[in-house]
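Okay, input34.cif is below, mmCIF, C-alpha atoms (C1' of nucleotides):
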```cif
data_final
loop_
_atom_site.label_atom_id
_atom_site.label_comp_id
_atom_site.auth_asym_id
_atom_site.auth_seq_id
_atom_site.Cartn_x
_atom_site.Cartn_y
_atom_site.Cartn_z
CA MET A 4 181.47 151.93 33.25
CA LYS A 5 177.82 152.84 32.71
CA ILE A 6 175.26 150.23 33.74
CA ALA A 7 171.56 150.66 32.97
CA SER A 8 168.34 148.75 33.60
CA TRP A 9 165.06 148.92 31.68
CA ASN A 10 161.85 146.91 31.68
CA VAL A 11 160.99 147.26 27.99
CA ASN A 12 157.63 145.38 28.01
CA SER A 13 158.39 143.46 24.76
CA VAL A 14 161.79 143.90 23.16
CA LYS A 15 160.30 143.45 19.68
CA VAL A 16 157.78 146.26 20.03
CA ARG A 17 160.32 148.48 21.80
CA LEU A 18 163.24 147.82 19.43
CA PRO A 19 163.30 151.35 17.91
CA HIS A 20 163.32 152.89 21.40
CA LEU A 21 165.96 150.41 22.54
CA LEU A 22 168.28 151.25 19.63
CA ASP A 23 167.70 154.94 20.33
CA PHE A 24 168.63 154.49 24.00
CA LEU A 25 171.80 152.54 23.18
CA THR A 26 172.84 155.26 20.73
CA THR A 27 172.15 158.25 22.99
CA ALA A 28 172.87 156.89 26.48
CA GLN A 29 175.79 154.67 25.42
CA PRO A 30 175.62 152.23 28.34
CA ASP A 31 178.37 149.62 28.66
CA VAL A 32 175.86 147.14 30.07
CA LEU A 33 172.08 147.32 29.72
CA CYS A 34 169.91 144.94 31.75
CA LEU A 35 166.53 144.28 30.16
CA GLN A 36 163.37 142.82 31.66
CA GLU A 37 160.06 141.67 30.18
CA THR A 38 161.62 140.97 26.81
CA LYS A 39 158.69 138.62 26.14
CA CYS A 40 160.42 136.53 23.50
CA LEU A 41 162.36 133.31 23.08
CA ALA A 42 166.15 133.56 22.76
CA ASP A 43 165.94 132.57 19.08
CA ASP A 44 163.55 135.44 18.35
CA PHE A 45 165.64 138.15 20.06
CA PRO A 46 166.50 141.00 17.63
CA ARG A 47 170.26 140.48 17.92
CA LEU A 48 171.28 141.73 14.47
CA GLU A 49 169.96 145.25 14.94
CA ILE A 50 171.59 145.46 18.37
CA ALA A 51 174.86 144.03 17.02
CA SER A 52 174.93 146.73 14.35
CA LEU A 53 175.40 149.25 17.19
CA GLY A 54 178.33 147.27 18.60
CA TYR A 55 176.46 145.41 21.33
CA GLN A 56 176.09 141.74 22.07
CA VAL A 57 173.25 139.94 23.78
CA GLU A 58 172.82 137.23 26.37
CA THR A 59 169.24 136.35 27.15
CA LEU A 60 166.98 134.02 29.09
CA GLY A 61 163.62 134.11 27.36
CA GLN A 62 160.27 132.41 27.20
CA ARG A 63 157.16 132.79 25.10
CA ALA A 64 154.90 135.81 25.72
CA TYR A 65 155.88 136.51 29.33
CA ASN A 66 158.86 137.59 31.46
CA GLY A 67 162.32 137.29 29.88
CA VAL A 68 165.60 139.02 30.83
CA ALA A 69 168.71 140.00 28.88
CA LEU A 70 172.17 141.51 29.23
CA VAL A 71 173.13 143.82 26.35
CA SER A 72 176.81 144.78 26.49
CA ARG A 73 179.76 146.14 24.55
CA GLU A 74 182.12 143.52 25.97
CA PRO A 75 181.23 139.84 25.98
CA ALA A 76 179.60 138.51 29.13
CA ARG A 77 181.68 136.04 31.14
CA ASP A 78 180.73 133.36 33.65
CA LEU A 79 177.03 133.50 32.89
CA VAL A 80 174.55 132.35 35.52
CA VAL A 81 171.16 131.53 34.01
CA GLY A 82 168.23 131.53 36.43
CA LEU A 83 168.29 132.43 40.12
CA PRO A 84 170.60 130.00 41.96
CA GLY A 85 168.71 128.01 44.59
CA ALA A 86 165.37 128.63 42.84
CA GLU A 87 165.67 125.93 40.21
CA TRP A 88 161.95 125.17 40.73
CA ASP A 89 161.19 128.52 39.08
CA ASP A 90 160.26 127.96 35.43
CA GLN A 91 159.82 131.69 34.70
CA SER A 92 162.63 133.62 32.99
CA ARG A 93 163.56 136.19 35.61
CA TYR A 94 167.30 136.15 36.32
CA LEU A 95 170.55 136.43 34.39
CA GLU A 96 173.98 137.26 35.82
CA ALA A 97 177.44 137.73 34.31
CA SER A 98 180.82 139.46 34.67
CA PHE A 99 182.12 142.28 32.50
CA GLY A 100 185.69 143.57 32.35
CA ALA A 101 188.65 141.77 33.87
CA GLY A 102 190.98 142.06 36.82
CA ASP A 103 190.62 145.42 38.59
CA HIS A 104 187.92 146.37 36.08
CA GLU A 105 185.62 143.44 36.75
CA VAL A 106 181.98 144.09 37.57
CA ARG A 107 179.38 141.43 38.30
CA VAL A 108 175.93 142.39 36.98
CA ALA A 109 172.51 140.76 37.33
CA SER A 110 169.35 141.50 35.36
CA ILE A 111 166.41 140.79 37.65
CA TYR A 112 162.69 140.64 36.94
CA LEU A 113 161.17 140.09 40.35
CA PRO A 114 157.62 138.67 40.48
CA ASN A 115 154.84 141.23 40.77
CA GLY A 116 152.95 139.29 43.48
CA ASN A 117 149.44 140.58 42.87
CA PRO A 118 146.78 139.80 43.94
CA SER A 119 148.43 139.76 47.35
CA ALA A 120 145.90 137.29 48.84
CA THR A 121 146.94 134.55 46.40
CA ASP A 122 149.84 132.17 45.81
CA LYS A 123 151.31 134.80 43.48
CA PHE A 124 152.29 136.78 46.57
CA THR A 125 153.72 133.66 48.21
CA TYR A 126 155.75 133.07 45.06
CA LYS A 127 157.08 136.64 45.15
CA LEU A 128 158.17 136.36 48.78
CA ALA A 129 159.78 132.95 48.24
CA TRP A 130 161.62 134.28 45.19
CA MET A 131 162.88 137.25 47.21
CA GLU A 132 164.17 135.00 49.96
CA HIS A 133 166.23 133.09 47.40
CA LEU A 134 167.49 136.39 46.02
CA VAL A 135 168.58 137.48 49.52
CA ALA A 136 170.43 134.19 50.03
CA HIS A 137 172.16 134.43 46.65
CA ALA A 138 173.05 138.10 47.15
CA ALA A 139 174.74 137.16 50.43
CA THR A 140 176.88 134.67 48.51
CA LEU A 141 177.76 137.23 45.84
CA LEU A 142 178.77 139.81 48.45
CA GLU A 143 181.37 137.39 49.83
CA ARG A 144 183.37 137.97 46.64
CA GLU A 145 183.99 141.59 47.73
CA ILE A 146 183.95 142.91 44.16
CA PRO A 147 181.88 145.63 42.44
CA LEU A 148 178.39 144.17 42.03
CA VAL A 149 175.24 145.70 40.52
CA LEU A 150 171.93 143.92 41.09
CA ALA A 151 169.80 145.71 38.51
CA GLY A 152 166.21 145.29 37.56
CA ASP A 153 162.49 145.59 38.00
CA TYR A 154 162.09 144.68 41.67
CA ASN A 155 158.34 145.31 41.70
CA ILE A 156 158.86 146.92 45.13
CA CYS A 157 158.29 150.50 46.21
CA PRO A 158 160.84 150.73 49.06
CA ALA A 159 158.97 153.51 50.90
CA ASP A 160 155.79 155.59 50.75
CA GLU A 161 157.74 158.45 49.18
CA ASP A 162 158.26 156.18 46.15
CA VAL A 163 154.50 155.99 45.46
CA TYR A 164 152.23 158.71 44.05
CA ASP A 165 149.35 157.62 46.31
CA PRO A 166 150.69 155.49 49.17
CA VAL A 167 147.30 155.14 50.86
CA ALA A 168 145.65 153.70 47.75
CA TRP A 169 148.61 151.35 47.23
CA ARG A 170 149.07 150.29 50.84
CA ASP A 171 147.79 146.74 50.40
CA ASP A 172 149.28 146.18 46.96
CA ALA A 173 152.01 143.54 46.62
CA LEU A 174 154.43 146.28 45.52
CA CYS A 175 154.01 148.15 48.81
CA ARG A 176 153.08 145.49 51.39
CA ILE A 177 155.24 145.40 54.50
CA GLU A 178 156.25 141.81 53.70
CA SER A 179 157.66 142.92 50.33
CA ARG A 180 159.41 145.93 51.83
CA ALA A 181 160.87 143.82 54.63
CA ARG A 182 162.54 141.53 52.10
CA PHE A 183 163.83 144.48 50.12
CA ARG A 184 165.29 145.85 53.36
CA ALA A 185 166.85 142.42 53.95
CA LEU A 186 168.84 142.99 50.77
CA LEU A 187 169.97 146.40 52.03
CA ASN A 188 170.80 144.91 55.43
CA LEU A 189 173.25 142.55 53.71
CA GLY A 190 175.26 145.62 52.75
CA LEU A 191 173.71 146.56 49.40
CA THR A 192 172.96 150.22 48.64
CA ASP A 193 170.11 151.72 46.61
CA ALA A 194 172.20 153.64 44.04
CA TYR A 195 169.50 156.23 43.29
CA ARG A 196 169.32 157.31 46.95
CA VAL A 197 173.09 157.93 47.07
CA PHE A 198 172.48 161.00 44.89
CA HIS A 199 168.79 161.89 45.24
CA ARG A 200 166.80 162.56 48.41
CA GLU A 201 163.65 163.91 46.72
CA SER A 202 160.32 162.15 47.15
CA HIS A 203 158.18 161.20 44.16
CA ARG A 204 160.82 160.19 41.66
CA TYR A 205 159.51 157.34 39.55
CA THR A 206 160.61 154.69 37.04
CA PHE A 207 157.11 153.39 36.17
CA TRP A 208 153.88 155.08 35.16
CA ASP A 209 150.79 152.98 34.39
CA TYR A 210 149.41 153.27 30.87
CA GLN A 211 145.94 153.91 32.29
CA ALA A 212 144.26 157.02 33.64
CA GLY A 213 146.83 159.47 32.27
CA ARG A 214 149.37 158.51 34.93
CA TRP A 215 152.34 159.64 32.84
CA ASN A 216 150.89 163.07 32.09
CA ARG A 217 150.05 163.58 35.76
CA ASP A 218 153.44 162.24 36.89
CA GLU A 219 151.70 159.66 39.06
CA GLY A 220 154.10 156.73 39.16
CA LEU A 221 156.11 154.28 41.22
CA ARG A 222 159.83 153.83 41.87
CA ILE A 223 160.20 150.07 41.39
CA ASP A 224 163.30 149.71 39.19
CA HIS A 225 166.47 149.71 41.26
CA LEU A 226 170.24 149.37 41.07
CA LEU A 227 171.59 147.76 44.24
CA LEU A 228 175.34 148.15 44.73
CA SER A 229 177.89 146.19 46.74
CA PRO A 230 180.23 148.27 48.96
CA GLN A 231 182.96 147.97 46.30
CA ALA A 232 180.54 149.39 43.71
CA VAL A 233 179.32 152.22 45.99
CA ASP A 234 182.95 153.24 46.47
CA ARG A 235 183.16 153.81 42.71
CA VAL A 236 179.69 155.17 41.87
CA ALA A 237 179.84 158.65 40.31
CA ALA A 238 176.23 159.16 39.22
CA CYS A 239 172.79 157.56 39.13
CA GLU A 240 169.88 158.94 37.11
CA ILE A 241 166.42 158.02 35.88
CA ASP A 242 166.17 158.80 32.15
CA LYS A 243 162.56 159.82 31.50
CA THR A 244 163.10 160.44 27.77
CA PRO A 245 162.03 156.97 26.54
CA ARG A 246 158.79 157.04 28.58
CA ALA A 247 157.67 160.23 26.81
CA LYS A 248 157.79 158.66 23.35
CA GLU A 249 154.97 157.23 21.27
CA ARG A 250 154.28 153.58 22.00
CA ALA A 251 156.55 153.64 25.06
CA SER A 252 157.16 150.99 27.68
CA ASP A 253 155.41 151.74 30.96
CA HIS A 254 158.88 151.72 32.59
CA THR A 255 161.81 154.04 31.88
CA PRO A 256 165.56 153.31 32.22
CA ILE A 257 167.66 153.92 35.31
CA TRP A 258 171.47 153.97 35.07
CA CYS A 259 174.58 154.44 37.17
CA GLU A 260 178.16 155.35 36.31
CA LEU A 261 180.96 153.46 38.06
CA ALA A 262 184.53 154.77 37.99
CA ILE A 263 185.89 151.50 36.67
"C1'" DA B 26 130.19 157.44 31.45
"C1'" DT B 27 127.86 151.62 28.44
"C1'" DG B 28 134.73 155.04 29.07
"C1'" DA B 29 139.32 156.03 29.71
"C1'" DC B 30 146.24 150.65 28.67
"C1'" DA B 31 149.29 147.48 26.33
"C1'" DG B 32 151.37 143.09 25.13
"C1'" DT B 33 150.91 138.02 23.77
"C1'" DC B 34 148.65 134.16 21.50
"C1'" DT B 35 145.30 130.05 23.95
"C1'" DG B 36 143.97 134.91 18.75
"C1'" DC B 37 139.30 138.72 17.59
"C1'" DG B 38 138.43 137.38 23.72
"C1'" DA B 39 141.35 135.74 27.65
"C1'" DC B 40 145.20 136.29 30.30
"C1'" DT B 41 148.90 138.99 32.46
"C1'" DG B 42 150.97 142.91 34.19
"C1'" DA B 43 151.55 146.98 37.96
#
```
Starting from the coordinates I provided, produce the structure as structure tokens.
Amino acid sequence: MKIASWNVNSVKVRLPHLLDFLTTAQPDVLCLQETKCLADDFPRLEIASLGYQVETLGQRAYNGVALVSREPARDLVVGLPGAEWDDQSRYLEASFGAGDHEVRVASIYLPNGNPSATDKFTYKLAWMEHLVAHAATLLEREIPLVLAGDYNICPADEDVYDPVAWRDDALCRIESRARFRALLNLGLTDAYRVFHRESHRYTFWDYQAGRWNRDEGLRIDHLLLSPQAVDRVAACEIDKTPRAKERASDHTPIWCELAI
DNA sequence: ATGACAGTCTGCGACTGA
């Protein structure tokens, strides 16, 4: 089972690239973030024509997450449990497959948190603490679990093109990294680092200042795996193809293959 | 260098993002 994650920065604008990715990469489940549209406006027909169905939590103009899948999603959880005060569309979770083939998947759009001297940073940290608590609950199920999404966290300096310049940014602050490590300390594994030890591998490149052409980016999109998922993971790659296209998202997809 | 991004709608400038 191939599970991918991609912050598309508007699903309407990115629809041609999205259809292209579904056709070429053939994921079984694709987690989307920053869809930026209401559920009623989601381009379901075009996606359905490729044999995929959609579950989404959307809002106007900002945020928005979705699960695009070949099989129907089961036991949907809409919004981050325990964070019912959050009115932003940032979390969607469901099961795919049945019995020994069941995988629980979440599409996560974690708050950015900048500027880090404001309540936006407080909101990010609070949101992360709820995510840690919920992840602990999910891990008790002892099933394959993939927490996929735009975490807006660079786990280490090697995940940043210029760690000194980014040191005080909400994506790199020690408070943000500590909470990301709290997820790992629960027993979750960063799927990309199972297969790749190289520094300077990115999933995001800012639109400004020629960051893409200079390969100056950030690794902020992650697939976190439960022990039962790590036992089955066969590959994890960042697909840079979509980022190179005209009118691209500033993020590019990351995917993993589970032997399920 | 009076610059150099992209998306949305409160819409032709402001807000948000990373």
Can you list, as a PyMOL selection string, every protein, DNA or RNA residue that comes within 7 Å of range 26-41 of chain B when you count only C-alpha atoms (C1' of nucleotides), leaving out same-chain residues fewer than 5 positions away?
chain A and resi 64+210-212
What residues come out when you apply the PyMOL selection byres ((chain A) within 12 of (chain B)) to this file, written as a VMD selection string?
chain A and resid 10 to 17 37 to 40 62 to 66 114 to 118 153 to 157 169 172 to 175 206 to 215 220 to 223 250 to 254
Translate the PyMOL selection byres ((chain A and resi 6) around 12), as applied to the file shown, into an explicit residue set as number ranges by chain.
A: 4-5, 7-9, 25, 28-35, 70-73, 99, 106-110, 147-152, 194, 225-228, 232, 236-241, 256-263
Export, as a CSV table (one decimal), in the coordinates of the input, the selected residues with C-alpha atoms.
```csv
chain,number,residue,atom,x,y,z
A,4,MET,CA,181.5,151.9,33.2
A,5,LYS,CA,177.8,152.8,32.7
A,7,ALA,CA,171.6,150.7,33.0
A,8,SER,CA,168.3,148.8,33.6
A,9,TRP,CA,165.1,148.9,31.7
A,25,LEU,CA,171.8,152.5,23.2
A,28,ALA,CA,172.9,156.9,26.5
A,29,GLN,CA,175.8,154.7,25.4
A,30,PRO,CA,175.6,152.2,28.3
A,31,ASP,CA,178.4,149.6,28.7
A,32,VAL,CA,175.9,147.1,30.1
A,33,LEU,CA,172.1,147.3,29.7
A,34,CYS,CA,169.9,144.9,31.8
A,35,LEU,CA,166.5,144.3,30.2
A,70,LEU,CA,172.2,141.5,29.2
A,71,VAL,CA,173.1,143.8,26.4
A,72,SER,CA,176.8,144.8,26.5
A,73,ARG,CA,179.8,146.1,24.6
A,99,PHE,CA,182.1,142.3,32.5
A,106,VAL,CA,182.0,144.1,37.6
A,107,ARG,CA,179.4,141.4,38.3
A,108,VAL,CA,175.9,142.4,37.0
A,109,ALA,CA,172.5,140.8,37.3
A,110,SER,CA,169.4,141.5,35.4
A,147,PRO,CA,181.9,145.6,42.4
A,148,LEU,CA,178.4,144.2,42.0
A,149,VAL,CA,175.2,145.7,40.5
A,150,LEU,CA,171.9,143.9,41.1
A,151,ALA,CA,169.8,145.7,38.5
A,152,GLY,CA,166.2,145.3,37.6
A,194,ALA,CA,172.2,153.6,44.0
A,225,HIS,CA,166.5,149.7,41.3
A,226,LEU,CA,170.2,149.4,41.1
A,227,LEU,CA,171.6,147.8,44.2
A,228,LEU,CA,175.3,148.2,44.7
A,232,ALA,CA,180.5,149.4,43.7
A,236,VAL,CA,179.7,155.2,41.9
A,237,ALA,CA,179.8,158.6,40.3
A,238,ALA,CA,176.2,159.2,39.2
A,239,CYS,CA,172.8,157.6,39.1
A,240,GLU,CA,169.9,158.9,37.1
A,241,ILE,CA,166.4,158.0,35.9
A,256,PRO,CA,165.6,153.3,32.2
A,257,ILE,CA,167.7,153.9,35.3
A,258,TRP,CA,171.5,154.0,35.1
A,259,CYS,CA,174.6,154.4,37.2
A,260,GLU,CA,178.2,155.4,36.3
A,261,LEU,CA,181.0,153.5,38.1
A,262,ALA,CA,184.5,154.8,38.0
A,263,ILE,CA,185.9,151.5,36.7
```
What separates CA of Arg77 in chain A and CA of Glu49 in chain A is a distance of 22.0 Å
Selected residue, from A:Ala136, A:Ile111, A:Ala159, A:Ile177, that lies nearest to Asp224 in chain A when counting only C-alpha atoms
A:Ile111
So, counting only C-alpha atoms, which residue among A:Trp88, A:Leu53, A:Gly61, A:Pro46 is closest to Phe24 in chain A?
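When distances to Phe24 in chain A are compared using only C-alpha atoms, the smallest one comes from A:Leu53.
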To one decimal place, how far is CA of Thr121 in chain A from CA of Asp165 in chain A in Å?
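Atom-to-atom, CA of Thr121 in chain A and CA of Asp165 in chain A are spaced 23.2 Å apart.
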Draw an axis-aligned box tight on the listed atoms of range 26-40 of chain B, then pad every side by 6 Å and write out centre and edge lengths in Å to one decimal as lines of an AutoDock Vina configuration file.
```
center_x = 139.6
center_y = 143.7
center_z = 24.5
size_x = 35.5
size_y = 39.4
size_z = 25.9
```
Could you tell me which of A:Lys243, A:Glu87, A:Gly82, A:Leu22 comes closest to Tyr55 in chain A if we count all atoms listed in the file?
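Result for the nearest residue to Tyr55 in chain A: A:Leu22.
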Any idea what the distance is between CA of Val80 in chain A and CA of Thr27 in chain A?
28.9 Å
What would range 35-63 of chain A look like with N, CA and C atoms in place, written as a PDB file, keeping the file's coordinate frame?
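Output (selection-v9.pdb):
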```
ATOM      1  N   LEU A  35     167.912 144.174  30.624  1.00  0.00           N
ATOM      2  CA  LEU A  35     166.530 144.280  30.160  1.00  0.00           C
ATOM      3  C   LEU A  35     165.640 143.295  30.904  1.00  0.00           C
ATOM      4  N   GLN A  36     164.373 143.719  31.082  1.00  0.00           N
ATOM      5  CA  GLN A  36     163.370 142.820  31.660  1.00  0.00           C
ATOM      6  C   GLN A  36     162.102 142.884  30.808  1.00  0.00           C
ATOM      7  N   GLU A  37     161.295 141.843  30.969  1.00  0.00           N
ATOM      8  CA  GLU A  37     160.060 141.670  30.180  1.00  0.00           C
ATOM      9  C   GLU A  37     160.333 141.783  28.681  1.00  0.00           C
ATOM     10  N   THR A  38     161.314 141.016  28.242  1.00  0.00           N
ATOM     11  CA  THR A  38     161.620 140.970  26.810  1.00  0.00           C
ATOM     12  C   THR A  38     160.515 140.229  26.040  1.00  0.00           C
ATOM     13  N   LYS A  39     159.848 139.319  26.709  1.00  0.00           N
ATOM     14  CA  LYS A  39     158.690 138.620  26.140  1.00  0.00           C
ATOM     15  C   LYS A  39     158.981 137.911  24.822  1.00  0.00           C
ATOM     16  N   CYS A  40     160.168 137.339  24.700  1.00  0.00           N
ATOM     17  CA  CYS A  40     160.420 136.530  23.500  1.00  0.00           C
ATOM     18  C   CYS A  40     161.469 135.455  23.780  1.00  0.00           C
ATOM     19  N   LEU A  41     161.395 134.398  22.987  1.00  0.00           N
ATOM     20  CA  LEU A  41     162.360 133.310  23.080  1.00  0.00           C
ATOM     21  C   LEU A  41     163.726 133.810  22.618  1.00  0.00           C
ATOM     22  N   ALA A  42     164.783 133.154  23.109  1.00  0.00           N
ATOM     23  CA  ALA A  42     166.150 133.560  22.760  1.00  0.00           C
ATOM     24  C   ALA A  42     166.357 133.598  21.247  1.00  0.00           C
ATOM     25  N   ASP A  43     165.761 132.635  20.546  1.00  0.00           N
ATOM     26  CA  ASP A  43     165.940 132.570  19.080  1.00  0.00           C
ATOM     27  C   ASP A  43     165.274 133.728  18.357  1.00  0.00           C
ATOM     28  N   ASP A  44     164.284 134.347  19.002  1.00  0.00           N
ATOM     29  CA  ASP A  44     163.550 135.440  18.350  1.00  0.00           C
ATOM     30  C   ASP A  44     164.092 136.818  18.723  1.00  0.00           C
ATOM     31  N   PHE A  45     165.115 136.861  19.588  1.00  0.00           N
ATOM     32  CA  PHE A  45     165.640 138.150  20.060  1.00  0.00           C
ATOM     33  C   PHE A  45     166.260 138.924  18.901  1.00  0.00           C
ATOM     34  N   PRO A  46     165.982 140.206  18.762  1.00  0.00           N
ATOM     35  CA  PRO A  46     166.500 141.000  17.630  1.00  0.00           C
ATOM     36  C   PRO A  46     167.987 141.342  17.783  1.00  0.00           C
ATOM     37  N   ARG A  47     168.821 140.325  17.675  1.00  0.00           N
ATOM     38  CA  ARG A  47     170.260 140.480  17.920  1.00  0.00           C
ATOM     39  C   ARG A  47     170.969 141.285  16.836  1.00  0.00           C
ATOM     40  N   LEU A  48     170.550 141.104  15.575  1.00  0.00           N
ATOM     41  CA  LEU A  48     171.280 141.730  14.470  1.00  0.00           C
ATOM     42  C   LEU A  48     171.266 143.250  14.573  1.00  0.00           C
ATOM     43  N   GLU A  49     170.087 143.802  14.851  1.00  0.00           N
ATOM     44  CA  GLU A  49     169.960 145.250  14.940  1.00  0.00           C
ATOM     45  C   GLU A  49     170.805 145.795  16.089  1.00  0.00           C
ATOM     46  N   ILE A  50     170.826 145.048  17.190  1.00  0.00           N
ATOM     47  CA  ILE A  50     171.590 145.460  18.370  1.00  0.00           C
ATOM     48  C   ILE A  50     173.094 145.317  18.083  1.00  0.00           C
ATOM     49  N   ALA A  51     173.458 144.245  17.376  1.00  0.00           N
ATOM     50  CA  ALA A  51     174.860 144.030  17.020  1.00  0.00           C
ATOM     51  C   ALA A  51     175.385 145.135  16.099  1.00  0.00           C
ATOM     52  N   SER A  52     174.505 145.675  15.278  1.00  0.00           N
ATOM     53  CA  SER A  52     174.930 146.730  14.350  1.00  0.00           C
ATOM     54  C   SER A  52     175.371 147.993  15.100  1.00  0.00           C
ATOM     55  N   LEU A  53     174.966 148.114  16.365  1.00  0.00           N
ATOM     56  CA  LEU A  53     175.400 149.250  17.190  1.00  0.00           C
ATOM     57  C   LEU A  53     176.602 148.884  18.055  1.00  0.00           C
ATOM     58  N   GLY A  54     177.138 147.679  17.864  1.00  0.00           N
ATOM     59  CA  GLY A  54     178.330 147.270  18.600  1.00  0.00           C
ATOM     60  C   GLY A  54     178.040 146.604  19.932  1.00  0.00           C
ATOM     61  N   TYR A  55     176.831 146.072  20.073  1.00  0.00           N
ATOM     62  CA  TYR A  55     176.460 145.410  21.330  1.00  0.00           C
ATOM     63  C   TYR A  55     176.169 143.933  21.103  1.00  0.00           C
ATOM     64  N   GLN A  56     176.469 143.142  22.116  1.00  0.00           N
ATOM     65  CA  GLN A  56     176.090 141.740  22.070  1.00  0.00           C
ATOM     66  C   GLN A  56     175.050 141.429  23.131  1.00  0.00           C
ATOM     67  N   VAL A  57     174.415 140.279  22.972  1.00  0.00           N
ATOM     68  CA  VAL A  57     173.250 139.940  23.780  1.00  0.00           C
ATOM     69  C   VAL A  57     173.392 138.577  24.427  1.00  0.00           C
ATOM     70  N   GLU A  58     173.083 138.505  25.713  1.00  0.00           N
ATOM     71  CA  GLU A  58     172.820 137.230  26.370  1.00  0.00           C
ATOM     72  C   GLU A  58     171.388 137.318  26.877  1.00  0.00           C
ATOM     73  N   THR A  59     170.629 136.260  26.708  1.00  0.00           N
ATOM     74  CA  THR A  59     169.240 136.350  27.150  1.00  0.00           C
ATOM     75  C   THR A  59     168.709 135.029  27.681  1.00  0.00           C
ATOM     76  N   LEU A  60     167.787 135.148  28.637  1.00  0.00           N
ATOM     77  CA  LEU A  60     166.980 134.020  29.090  1.00  0.00           C
ATOM     78  C   LEU A  60     165.545 134.396  28.785  1.00  0.00           C
ATOM     79  N   GLY A  61     164.951 133.714  27.814  1.00  0.00           N
ATOM     80  CA  GLY A  61     163.620 134.110  27.360  1.00  0.00           C
ATOM     81  C   GLY A  61     162.609 132.993  27.443  1.00  0.00           C
ATOM     82  N   GLN A  62     161.361 133.375  27.313  1.00  0.00           N
ATOM     83  CA  GLN A  62     160.270 132.410  27.200  1.00  0.00           C
ATOM     84  C   GLN A  62     159.202 133.058  26.330  1.00  0.00           C
ATOM     85  N   ARG A  63     158.202 132.274  25.965  1.00  0.00           N
ATOM     86  CA  ARG A  63     157.160 132.790  25.100  1.00  0.00           C
ATOM     87  C   ARG A  63     156.235 133.741  25.847  1.00  0.00           C
TER      88      ARG A  63
END
```
